[in-house]
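So the structure is just underneath, and the comments pick up after that.
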Amino acid sequence: MTKEAKNGGEWRDRPWRIAVWGVAALLLVLPLVAMQFTDEVAWNGADFIVFGTMLAVAYGIFELTARMTGSITYRAAVGVAVATAFLLIWVNLAVGFLGNEDNSANLMFGGVLATTIVGSIIARFWPADMAKAMYATTAAQVLAGVIALAAGLGSGGSDGLYEVVMGTSLFATLWLVSARLFRKAGVSAALAAKL
């Protein structure tokens with residue numbers, strides 16, 4: 001066994017922890033700085049609270065994962081999944097995946113996130129089963145995109161088509177990357193169990 005596995009996979013790399021949480025703090029401060037230079041960014045207190053909560057949850061999940069496992073591949077899989085979920089929420093709150101943030105069709109993407117959460121719970125966070133959950137999430141993302149295209153829920157015209165196809169492709173690819181990393185972590189765990 002590796003030293004990392006012997007200590008329960010605790011994430012003891014203090015510089016990395018400081019860097020990760022430092023990036024979160026920087027992301028929270030960036031809109032405040034941008035507000036000093038442009039009127040395009042106009043956040044209020046509620047915006048900062050929502051964004052801060054999103055960052056705390058995302059980084060908290062990653063921190064918990066890092067403490068629970070020594071597998072770098074598993075950590076990477078969680079990191080990609082959490083970052084993808086974060087971006088999907090952020091895009092929908094900021095500008096909307098479909099049309100604008102007020103378009104109720106954007107609620108469809110809550111189903112994508114629900115697939116991730118329910119799938120992860122059913123998988124009990126085991127790597128091989130998490131891969132299946134991420135494949136299901138990919139399918140949910142593509143299904144939401146197909147429904148949006150079929151119903152003409154984008155911005156309209158070629159811009160709407162482009163935003164739905166490109167957005168769906170980007171997010172589906174990120175979910176697939178997470179699935180592949182979970183699958184790789186599952187294979188590694190199975191091999192380690194046989195030894």
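As shown in the structure tokens, the chain order sets the letters A, B, ...; within each chain, residues go from 1, and ligands are also counted from 1 in the order they appear.
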Q: Just the residues within 9 Å of Ser169 (chain A), please, counting only C-alpha atoms, with nothing from its chain fewer than 5 positions along; format it as a list of chain:residue names.
A: A:Gln141, A:Val142, A:Gly145, A:Val164, A:Leu174
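Proximity to region 17-26 of chain A at 8 Å, evaluated using only C-alpha atoms and with sequence-adjacent residues fewer than 6 positions away removed, yields Leu55, Ala56, Tyr59 and Glu63 of chain A.
Distances here use only C-alpha atoms; by that measure, the residue among A:Ile121, A:Ala190, A:Ala148, A:Leu181 closest to Leu107 (chain A) is A:Ala148.
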**Q.** Residue with smallest distance to Gly52 (chain A) - pool A:Arg180, A:Thr38, A:Leu27, A:Asn92, counting only C-alpha atoms
**A.**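 Using only C-alpha atoms, the shortest distance to Gly52 (chain A) belongs to A:Leu27.
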Q: Go ahead and compute the interatomic distance for CA of Pro31 (chain A) and CA of Met166 (chain A), in Å to one decimal.
A: 25.7 Å
Q. A:Ala144, A:Leu32, A:Ile72, A:Val41: which is nearest Phe97 (chain A), counting only C-alpha atoms?
A.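 Distance minimum relative to Phe97 (chain A) lands on A:Ala144.
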Q.
With DSSP run on the backbone, what are the alpha helix (DSSP H) residues within region 30-123 of chain A? I'd like them as a ChimeraX atom specification.
A. /A:30-37,45-68,72-94,108-123
